[in-house]
file entry17.cif (mmCIF, C-alpha atoms and all ligand atoms)
data_model
#
loop_
_atom_site.label_atom_id
_atom_site.label_comp_id
_atom_site.auth_asym_id
_atom_site.auth_seq_id
_atom_site.Cartn_x
_atom_site.Cartn_y
_atom_site.Cartn_z
CA MET P 22 -4.58 7.89 -9.97
CA ASN P 23 -7.75 5.79 -9.84
CA VAL P 24 -10.59 6.39 -7.39
CA HIS P 25 -9.74 3.32 -5.36
CA LYS P 26 -6.20 4.55 -4.79
CA SER P 27 -7.18 8.05 -3.82
CA ASP P 28 -9.78 6.56 -1.43
CA SER P 29 -6.98 4.62 0.27
CA ILE P 30 -5.00 7.83 0.65
CA VAL P 31 -7.94 9.78 2.03
CA GLY P 32 -8.70 6.96 4.47
CA ALA P 33 -5.10 6.89 5.67
CA LEU P 34 -4.87 10.67 6.09
CA GLU P 35 -8.19 10.87 7.92
CA THR P 36 -6.90 8.65 10.70
CA PHE P 37 -3.23 9.65 10.75
CA ARG P 38 -2.14 11.64 13.82
CA ILE P 39 1.34 12.77 14.73
CA GLU P 40 2.13 14.58 17.97
CA LEU P 41 4.33 17.66 18.05
CA PRO P 42 7.00 18.16 20.72
CA SER P 43 6.76 21.39 22.74
CA TRP P 44 10.57 21.52 22.79
CA GLY P 45 10.71 21.62 19.00
CA PHE P 46 9.48 25.22 19.07
CA ALA P 47 12.05 26.47 21.57
CA ASN P 48 15.69 27.38 21.11
CA THR P 49 17.23 23.93 21.15
CA GLY P 50 20.38 23.01 19.32
CA THR P 51 23.44 20.85 19.38
CA ARG P 52 25.74 20.23 22.28
CA PHE P 53 28.05 22.85 20.82
CA GLY P 54 25.49 25.57 21.17
CA LYS P 55 22.40 26.90 19.56
CA TYR P 56 21.69 29.66 17.13
CA LEU P 57 18.99 31.70 18.76
CA GLN P 58 15.92 32.56 16.73
CA PRO P 59 14.01 35.67 17.79
CA ALA P 60 10.73 33.89 16.99
CA ALA P 61 11.51 30.80 19.05
CA ALA P 62 9.02 30.08 21.81
CA VAL P 63 10.10 30.56 25.40
CA THR P 64 6.94 30.11 27.45
CA THR P 65 4.79 27.00 27.38
CA ASP P 66 1.93 29.09 26.04
CA GLU P 67 4.09 30.22 23.11
CA LYS P 68 5.10 26.65 22.31
CA ILE P 69 1.46 25.58 22.33
CA SER P 70 0.47 28.57 20.19
CA ASP P 71 3.15 27.67 17.60
CA ALA P 72 2.04 24.04 17.59
CA ALA P 73 -1.52 25.23 16.99
CA GLN P 74 -0.35 26.96 13.81
CA VAL P 75 1.07 23.69 12.51
CA GLN P 76 -2.15 21.90 13.37
CA ALA P 77 -4.32 24.57 11.74
CA LEU P 78 -2.35 24.27 8.51
CA THR P 79 -1.84 20.49 8.35
CA GLY P 80 -4.75 18.99 10.30
CA SER P 81 -2.79 15.97 11.54
CA CYS P 82 -1.31 17.06 14.86
CA PRO P 83 -3.92 17.83 17.51
CA SER P 84 -1.69 17.07 20.53
CA VAL P 85 1.57 18.34 21.99
CA ALA P 86 4.15 16.31 23.94
CA LEU P 87 5.34 18.03 27.11
CA HIS P 88 8.64 18.00 28.96
CA VAL P 89 7.92 18.36 32.67
CA MET P 90 11.02 20.33 33.57
CA TRP P 91 10.75 22.72 30.65
CA ASP P 92 6.97 23.10 30.35
CA LEU P 93 5.76 22.49 33.88
CA PRO P 94 8.63 23.78 36.04
CA ARG P 95 6.34 23.82 39.10
CA GLY P 96 5.18 20.29 38.38
CA ILE P 97 1.55 19.49 38.97
CA ASP P 98 0.91 23.07 40.07
CA ASP P 99 1.37 24.11 36.45
CA ALA P 100 -0.94 21.41 35.07
CA ASP P 101 -4.16 23.44 35.11
CA ALA P 102 -2.51 26.36 33.31
CA VAL P 103 -1.12 24.01 30.66
CA ALA P 104 -4.52 22.34 30.24
CA ALA P 105 -6.15 25.77 29.86
CA ALA P 106 -3.56 26.89 27.29
CA MET P 107 -4.10 23.70 25.29
CA LYS P 108 -7.82 24.30 25.33
CA ARG P 109 -7.42 27.93 24.32
CA HIS P 110 -5.36 26.88 21.31
CA GLY P 111 -7.59 23.95 20.41
CA LEU P 112 -5.03 21.26 21.22
CA ARG P 113 -4.71 18.35 23.65
CA PRO P 114 -1.85 17.57 26.04
CA GLY P 115 0.19 14.67 24.71
CA ALA P 116 2.90 12.45 26.19
CA VAL P 117 4.39 13.66 29.45
CA ASN P 118 8.21 13.42 29.52
CA PRO P 119 9.95 13.44 32.90
CA ASN P 120 13.46 14.86 32.87
CA LEU P 121 16.03 12.46 34.29
CA PHE P 122 19.17 14.01 32.87
CA GLN P 123 19.52 17.68 33.78
CA ASP P 124 19.63 17.50 37.56
CA GLN P 125 23.21 17.39 38.93
CA ALA P 126 22.13 14.46 41.08
CA TYR P 127 21.99 12.26 37.98
CA LYS P 128 25.70 12.39 37.20
CA HIS P 129 25.94 8.64 37.73
CA GLY P 130 22.43 7.80 36.62
CA SER P 131 18.81 8.01 37.72
CA PHE P 132 17.05 4.62 38.02
CA GLY P 133 20.45 2.95 37.60
CA ASN P 134 22.26 5.08 40.16
CA PRO P 135 23.98 3.06 42.91
CA SER P 136 22.66 5.57 45.45
CA ALA P 137 19.21 4.70 46.80
CA ALA P 138 18.59 8.37 47.56
CA VAL P 139 19.14 9.39 43.94
CA ARG P 140 16.94 6.56 42.69
CA GLU P 141 14.22 7.71 45.08
CA ARG P 142 14.48 11.22 43.71
CA ALA P 143 14.19 9.98 40.12
CA LEU P 144 11.27 7.74 41.01
CA GLY P 145 9.58 10.62 42.82
CA HIS P 146 9.89 12.83 39.74
CA CYS P 147 8.47 10.06 37.54
CA ARG P 148 5.60 9.53 39.98
CA ASP P 149 4.85 13.25 39.79
CA SER P 150 4.88 12.90 36.00
CA VAL P 151 2.32 10.08 36.18
CA ALA P 152 0.14 12.33 38.35
CA ILE P 153 0.56 15.22 35.90
CA ALA P 154 -0.43 12.95 33.01
CA GLN P 155 -3.51 11.89 34.98
CA ARG P 156 -4.47 15.49 35.64
CA LEU P 157 -3.98 16.38 31.97
CA GLN P 158 -5.87 13.27 30.86
CA SER P 159 -2.89 12.30 28.79
CA ARG P 160 -2.23 8.62 28.23
CA ASP P 161 1.54 8.22 27.95
CA VAL P 162 4.42 8.90 30.27
CA SER P 163 7.43 8.74 28.01
CA LEU P 164 10.69 7.66 29.60
CA TRP P 165 14.13 8.35 28.23
CA PHE P 166 17.14 7.68 30.46
CA ALA P 167 20.58 9.16 29.95
CA ASP P 168 21.88 6.48 32.33
CA GLY P 169 25.06 4.67 31.42
CA SER P 170 28.80 4.83 31.91
CA ASN P 171 31.80 6.12 30.01
CA TYR P 172 34.52 3.61 30.95
CA PRO P 173 34.77 -0.17 31.18
CA GLY P 174 34.54 -1.51 34.69
CA THR P 175 33.06 1.62 36.22
CA ALA P 176 29.45 0.41 36.47
CA ASN P 177 27.90 -2.86 37.57
CA ILE P 178 25.83 -3.56 34.47
CA ARG P 179 23.82 -6.42 35.99
CA ALA P 180 23.10 -4.55 39.20
CA ARG P 181 21.87 -1.56 37.22
CA LYS P 182 19.60 -3.78 35.13
CA ARG P 183 18.01 -5.03 38.35
CA LEU P 184 17.61 -1.49 39.67
CA PHE P 185 15.85 -0.48 36.45
CA GLU P 186 13.51 -3.47 36.77
CA GLU P 187 12.67 -2.51 40.34
CA CYS P 188 12.15 1.20 39.72
CA LEU P 189 10.07 0.67 36.60
CA ALA P 190 7.86 -1.89 38.33
CA ALA P 191 7.36 0.52 41.25
CA LEU P 192 6.44 3.32 38.85
CA HIS P 193 4.07 1.05 36.94
CA GLY P 194 2.19 0.54 40.21
CA ASP P 195 1.16 4.21 40.10
CA LEU P 196 -0.50 4.04 36.68
CA GLY P 197 -4.21 4.52 36.45
CA PRO P 198 -6.31 2.47 34.07
CA GLY P 199 -5.54 3.35 30.47
CA GLN P 200 -2.24 5.05 31.28
CA ARG P 201 0.97 3.73 29.74
CA LEU P 202 4.69 3.91 30.27
CA VAL P 203 6.62 4.03 27.02
CA ILE P 204 10.29 3.17 27.33
CA GLU P 205 12.82 4.64 24.91
CA TYR P 206 16.21 3.10 24.12
CA LYS P 207 19.36 4.66 22.75
CA PRO P 208 22.69 2.95 22.00
CA PHE P 209 25.00 5.77 23.06
CA GLU P 210 25.12 9.44 24.03
CA PRO P 211 25.44 10.97 26.52
CA ALA P 212 27.07 7.80 27.85
CA PHE P 213 29.75 6.45 25.54
CA TYR P 214 30.73 3.08 26.97
CA HIS P 215 27.42 1.56 28.00
CA THR P 216 23.85 2.83 27.99
CA ASP P 217 21.53 1.08 30.47
CA ILE P 218 18.72 0.76 27.89
CA ALA P 219 20.79 0.45 24.75
CA ASP P 220 18.46 -1.29 22.33
CA TRP P 221 14.92 -2.51 21.69
CA GLY P 222 15.56 -5.90 23.28
CA MET P 223 16.55 -4.27 26.55
CA ALA P 224 13.60 -1.88 26.37
CA LEU P 225 11.29 -4.83 25.67
CA HIS P 226 12.67 -6.76 28.62
CA LEU P 227 12.27 -3.79 30.95
CA ALA P 228 8.77 -3.01 29.69
CA ARG P 229 7.77 -6.58 30.49
CA ALA P 230 9.42 -6.37 33.88
CA ALA P 231 7.55 -3.12 34.57
CA GLY P 232 4.07 -4.50 33.87
CA PRO P 233 1.33 -4.85 31.26
CA GLN P 234 0.86 -1.13 30.66
CA ALA P 235 4.48 -0.58 29.63
CA LYS P 236 5.53 -0.61 25.98
CA VAL P 237 8.58 0.21 23.89
CA LEU P 238 9.19 3.56 22.19
CA VAL P 239 11.24 3.55 18.99
CA ASP P 240 13.13 6.79 18.33
CA THR P 241 14.24 6.48 14.71
CA GLY P 242 17.53 8.25 15.50
CA HIS P 243 18.47 5.82 18.27
CA HIS P 244 20.05 2.98 16.30
CA TYR P 245 23.41 2.11 14.92
CA LEU P 246 23.78 2.99 11.28
CA SER P 247 22.19 0.55 8.86
CA GLN P 248 20.07 -1.10 11.56
CA ASN P 249 16.86 -2.48 10.08
CA ILE P 250 14.36 -0.37 12.00
CA GLU P 251 11.25 -1.71 10.28
CA GLN P 252 12.17 -5.20 11.40
CA ILE P 253 12.22 -3.99 15.00
CA VAL P 254 8.82 -2.39 14.37
CA ALA P 255 7.44 -5.64 12.92
CA TRP P 256 8.69 -7.68 15.88
CA LEU P 257 7.34 -5.26 18.45
CA LEU P 258 3.97 -5.19 16.68
CA SER P 259 3.81 -8.93 16.65
CA GLU P 260 4.56 -8.98 20.40
CA ASP P 261 1.97 -6.22 21.03
CA MET P 262 4.78 -4.18 22.57
CA LEU P 263 5.13 -1.23 20.21
CA GLY P 264 4.04 1.82 22.18
CA GLY P 265 5.07 4.55 19.81
CA PHE P 266 7.71 6.49 17.94
CA HIS P 267 9.90 9.50 18.16
CA PHE P 268 10.35 10.53 14.55
CA ASN P 269 13.37 12.34 13.22
CA ASP P 270 15.91 11.70 10.51
CA ARG P 271 19.65 11.39 10.67
CA ARG P 272 22.73 10.81 8.64
CA TYR P 273 25.19 9.84 11.37
CA ALA P 274 23.87 9.50 14.91
CA ASP P 275 21.01 11.07 16.87
CA ASP P 276 20.95 14.07 14.53
CA ASP P 277 17.28 15.02 15.14
CA LEU P 278 16.82 16.24 11.56
CA THR P 279 13.51 16.77 9.79
CA LEU P 280 11.60 13.55 9.13
CA GLY P 281 12.33 12.07 5.73
CA SER P 282 14.97 14.68 4.89
CA ILE P 283 17.72 12.08 4.50
CA ASP P 284 15.94 8.77 3.93
CA PRO P 285 12.21 8.96 3.21
CA TYR P 286 12.17 5.29 2.13
CA GLN P 287 13.07 4.32 5.71
CA VAL P 288 10.00 6.08 7.07
CA PHE P 289 7.85 4.61 4.30
CA ARG P 290 9.01 1.11 5.21
CA ILE P 291 8.06 1.71 8.84
CA PHE P 292 4.58 2.96 7.88
CA HIS P 293 4.23 0.01 5.54
CA GLU P 294 5.04 -2.57 8.25
CA ILE P 295 2.39 -1.01 10.48
CA ARG P 296 -0.22 -1.00 7.75
CA PHE P 297 0.65 -4.55 6.65
CA PHE P 298 0.18 -5.66 10.27
CA GLU P 299 -3.20 -3.93 10.37
CA TRP P 300 -4.27 -5.51 7.09
CA GLU P 301 -3.21 -8.97 8.19
CA THR P 302 -4.71 -8.84 11.68
CA GLY P 303 -7.73 -6.66 10.96
CA THR P 304 -6.89 -4.56 14.04
CA PRO P 305 -5.65 -0.98 14.10
CA ALA P 306 -2.18 -0.72 15.62
CA ASP P 307 -2.39 1.37 18.77
CA VAL P 308 0.82 3.30 18.21
CA ALA P 309 1.62 6.89 19.23
CA PHE P 310 3.47 8.83 16.54
CA VAL P 311 5.44 11.69 18.05
CA VAL P 312 7.97 14.05 16.49
CA ASP P 313 11.26 14.43 18.38
CA GLN P 314 13.39 16.90 16.47
CA SER P 315 15.63 19.82 17.19
CA HIS P 316 16.04 22.38 14.44
CA ASN P 317 19.03 24.53 15.06
CA LEU P 318 19.21 26.27 11.69
CA LYS P 319 15.78 26.07 10.07
CA GLY P 320 12.77 27.98 11.36
CA LYS P 321 11.08 25.98 14.11
CA ILE P 322 7.52 26.21 12.82
CA GLU P 323 8.44 25.78 9.17
CA SER P 324 10.44 22.65 9.88
CA MET P 325 7.48 21.21 11.80
CA ILE P 326 5.21 21.95 8.84
CA GLN P 327 7.74 20.19 6.60
CA THR P 328 7.82 17.24 8.98
CA VAL P 329 4.07 16.80 9.15
CA SER P 330 3.65 17.27 5.39
CA GLN P 331 6.38 14.73 4.72
CA ALA P 332 4.78 12.29 7.17
CA GLN P 333 1.42 12.72 5.42
CA ALA P 334 3.03 12.03 2.05
CA LEU P 335 4.76 8.89 3.31
CA VAL P 336 1.63 7.60 5.03
CA ALA P 337 -0.20 8.19 1.74
CA LYS P 338 2.42 6.26 -0.21
CA ALA P 339 2.32 3.39 2.29
CA ALA P 340 -1.46 3.30 1.87
CA LEU P 341 -0.91 2.45 -1.79
CA VAL P 342 0.87 -0.83 -1.15
CA ASP P 343 -1.37 -3.61 -2.41
CA CYS P 344 -1.21 -5.82 0.68
CA ALA P 345 -3.08 -8.73 -0.91
CA ALA P 346 -0.75 -8.76 -3.91
CA LEU P 347 2.24 -8.46 -1.59
CA ALA P 348 1.11 -11.37 0.59
CA ALA P 349 0.53 -13.53 -2.50
CA ALA P 350 3.93 -12.66 -3.96
CA GLN P 351 5.64 -13.40 -0.64
CA GLN P 352 3.82 -16.72 -0.38
CA ALA P 353 4.92 -17.65 -3.89
CA SER P 354 8.45 -16.38 -3.19
CA ASP P 355 8.09 -14.10 -6.18
CA LEU P 356 10.78 -11.75 -4.98
CA VAL P 357 10.66 -9.22 -7.76
CA ARG P 358 6.88 -8.85 -7.65
CA ALA P 359 6.91 -8.54 -3.86
CA GLU P 360 9.62 -5.93 -3.93
CA SER P 361 7.80 -3.93 -6.61
CA CYS P 362 4.70 -3.75 -4.44
CA LEU P 363 6.72 -1.49 -2.17
CA GLN P 364 8.66 0.29 -4.87
CA ASP P 365 5.60 1.12 -6.99
CA ALA P 366 3.79 2.58 -4.02
CA PHE P 367 6.82 4.60 -2.96
CA ALA P 368 7.28 5.97 -6.47
CA SER P 369 3.64 7.10 -6.80
CA ASP P 370 2.92 10.79 -6.93
CA VAL P 371 0.53 11.24 -4.01
CA ARG P 372 0.51 15.04 -4.14
CA PRO P 373 -2.72 15.47 -6.16
CA ALA P 374 -4.64 13.15 -3.79
CA ILE P 375 -3.25 14.95 -0.74
CA ARG P 376 -4.23 18.32 -2.19
CA GLU P 377 -7.73 17.00 -2.77
CA TRP P 378 -7.91 15.72 0.80
CA ARG P 379 -6.72 19.09 2.08
CA SER P 380 -9.27 21.09 0.18
CA GLY P 381 -12.02 18.68 1.22
CA ARG P 382 -11.05 19.27 4.86
CA GLY P 383 -10.86 23.04 4.44
CA LEU P 384 -7.08 22.99 4.89
CA PRO P 385 -4.71 25.08 2.80
CA ILE P 386 -3.53 23.18 -0.26
CA ASP P 387 0.05 24.27 0.39
CA PRO P 388 0.58 24.55 4.17
CA MET P 389 4.05 26.10 3.88
CA GLU P 390 2.93 28.85 1.52
CA ALA P 391 -0.12 29.45 3.68
CA PHE P 392 2.13 29.83 6.71
CA ARG P 393 4.40 32.27 4.92
CA ALA P 394 1.40 34.29 3.81
CA SER P 395 -0.24 34.27 7.24
CA GLY P 396 2.01 36.88 8.86
CA TYR P 397 2.25 34.74 12.03
CA LEU P 398 6.03 34.52 11.91
CA GLU P 399 6.44 38.28 11.49
CA ARG P 400 4.03 38.91 14.34
CA ILE P 401 5.75 36.58 16.84
CA THR P 402 9.19 37.75 15.74
CA GLN P 403 8.17 41.26 16.72
CA GLU P 404 6.38 40.27 19.89
CA ARG P 405 9.12 37.96 21.12
CA ALA P 406 12.17 39.97 20.09
CA GLY P 407 14.26 41.83 22.59
CA ARG P 408 13.39 39.85 25.66
CA PRO P 409 15.80 37.66 27.57
CA ASN P 410 16.12 34.28 25.95
CA SER P 411 15.47 31.56 28.44
CA ASP P 412 17.82 28.62 28.59
CA ALA P 413 15.09 26.48 30.06
CA SER P 414 14.78 24.12 27.15
CA ALA P 415 18.44 23.74 26.30
CA TYR P 416 19.66 20.23 25.83
CA ALA P 417 22.51 18.40 24.20
C1 LIG X 1 17.09 12.11 23.74
C2 LIG X 1 15.80 11.40 23.47
C3 LIG X 1 14.64 11.93 24.24
C4 LIG X 1 14.65 13.40 24.35
C5 LIG X 1 16.01 13.88 24.80
C6 LIG X 1 16.09 15.35 25.03
O1 LIG X 1 18.05 11.84 22.78
O2 LIG X 1 15.52 11.40 22.10
O3 LIG X 1 13.44 11.51 23.69
O4 LIG X 1 13.69 13.78 25.31
O5 LIG X 1 16.95 13.48 23.84
MN MN X 2 13.52 10.71 21.54
MN MN X 3 17.22 11.45 20.64
#
call {"tool": "encode", "arguments": {"input": "entry17.cif", "output": "structure tokens", "more": "lines below"}}
Ligand code: RM4
Ligand code: MN
Ligand code: MN
result
Amino acid sequence: MNVHKSDSIVGALETFRIELPSWGFANTGTRFGKYLQPAAAVTTDEKISDAAQVQALTGSCPSVALHVMWDLPRGIDDADAVAAAMKRHGLRPGAVNPNLFQDQAYKHGSFGNPSAAVRERALGHCRDSVAIAQRLQSRDVSLWFADGSNYPGTANIRARKRLFEECLAALHGDLGPGQRLVIEYKPFEPAFYHTDIADWGMALHLARAAGPQAKVLVDTGHHYLSQNIEQIVAWLLSEDMLGGFHFNDRRYADDDLTLGSIDPYQVFRIFHEIRFFEWETGTPADVAFVVDQSHNLKGKIESMIQTVSQAQALVAKAALVDCAALAAAQQASDLVRAESCLQDAFASDVRPAIREWRSGRGLPIDPMEAFRASGYLERITQERAGRPNSDASAYA
């Protein structure tokens, strides 16, 4: 690989950041159950400590996304302890996720619930989350709603849309300068007839209705099969409405598998669209990359190391696309040349350049081997074994 190409890779890796989810280190699983791992984190401090291992070995994930109900069960009263734990482990608090799906009150929805009292409760929890984010000096409050219905005719779809507009606008009013709401969509599950924010168009509409500090969050697992996700990314970028991502891979639905494990070319195409936008506009895209995965069978920390390493490799490959050549080929409608710009970059072996970057940064050349040699897993397995396993972070 020539110097110019490895410079592009180093440049891309130097700026690439991907946030880890606290819940990815706990015993999460499928809706049918979870296979408990003795090393899985239970306390917030353990989750942060595990995330710190991944950061120490990969160098690309200095922040951790938090779920209020699971990580800050006493709400804002837990914020100082979380901030201190982050500091102790050399990390920063990331996106704050309110929980609008585990309280019995939300059986018929949160912001979309016909009951004003339930909507008030949901709004109150989100307002607390905005305050927590302020206290933690974290920018994003990340909203995912399980709201929807299971049977035709049972919900007033238009009325619920209006309720979402109202609640989101009210919540937006609480944001401090620099804070953001990021709004996630999902076509189905847990609701199976209609989901109130089913796709990116609905999320875009609601973000606009909420106010200027609201953007759309794209969870890669939240689309119908064969949906062109990079087109959604390109459109949101061009509208300045792409807030961030939840990365995971899937084969069928919202499988929450390791990034790039099924379709690495999909992730590459997303990274490419972002970089092509940056090249064309000369402005860095202000997009939050966050992992949202649930590893039921693989080791929690190892699968996060895999995820971050895979993300680094795909960012590196995307950095090899010759944007000028691509733009010229597109302009000339030279289809084959344009297509090869992507294919050549994707086919490049970026491993030597990544290894060089790692050793230059004082990172282990092989993060997975370094983790296995570190003894961390054995130590936590011993320390954490034999104590009651909390259900606190269980979800579908
Ligand atoms: C959803 C969505 C959210 C996550 C919940 C637990 O499918 O991806 O981001 O917080 O699961
Ligand atoms: Mn998600
Ligand atoms: Mn999901």
call {"tool": "residues_around", "arguments": {"input": "entry17.cif", "residues": "Glu186 in chain P", "least_positions_apart": "3", "cutoff": "8 Å", "atoms": "only C-alpha atoms", "output": "MDAnalysis selection string"}}
result
chainID P and resid 182:183 189:190 227 230:231
call {"tool": "write_last_selection", "arguments": {"input": "entry17.cif", "atoms": "C-alpha atoms", "output": "compact mmCIF listing (two decimals), in the coordinates of the input"}}
result
# COMPACT_ATOMS: atom_id res chain seq x y z
CA LYS P 182 19.60 -3.78 35.13
CA ARG P 183 18.01 -5.03 38.35
CA LEU P 189 10.07 0.67 36.60
CA ALA P 190 7.86 -1.89 38.33
CA LEU P 227 12.27 -3.79 30.95
CA ALA P 230 9.42 -6.37 33.88
CA ALA P 231 7.55 -3.12 34.57
call {"tool": "residues_around", "arguments": {"input": "entry17.cif", "residues": "Ala359 in chain P", "least_positions_apart": "6", "cutoff": "9 Å", "atoms": "all atoms listed in the file", "output": "CSV table (one decimal) with C-alpha atoms, in the frame of the given file"}}
result
chain,number,residue,atom,x,y,z
P,346,ALA,CA,-0.8,-8.8,-3.9
P,347,LEU,CA,2.2,-8.5,-1.6
P,348,ALA,CA,1.1,-11.4,0.6
P,349,ALA,CA,0.5,-13.5,-2.5
P,350,ALA,CA,3.9,-12.7,-4.0
P,351,GLN,CA,5.6,-13.4,-0.6
call {"tool": "residues_near_ligand", "arguments": {"input": "entry17.cif", "ligand": "ligand MN 2 (chain X)", "cutoff": "12 Å", "atoms": "only C-alpha atoms and all ligand atoms", "output": "ChimeraX atom specification"}}
result
/P:42,44-45,86,88,116,118,163-167,203-207,210,237-244,265-270,275-278,310-315
call {"tool": "closest_residue", "arguments": {"input": "entry17.cif", "among": "P:Ala176, P:Met90, P:Ala72, P:Ala228", "to": "Tyr214 in chain P", "atoms": "only C-alpha atoms"}}
result
P:Ala176
call {"tool": "atom_distance", "arguments": {"input": "entry17.cif", "atom1": "CA of His146 in chain P", "atom2": "CA of Pro119 in chain P"}}
result
6.9 Å
call {"tool": "atom_distance", "arguments": {"input": "entry17.cif", "atom1": "CA of Asp343 in chain P", "atom2": "CA of Tyr286 in chain P"}}
result
16.8 Å
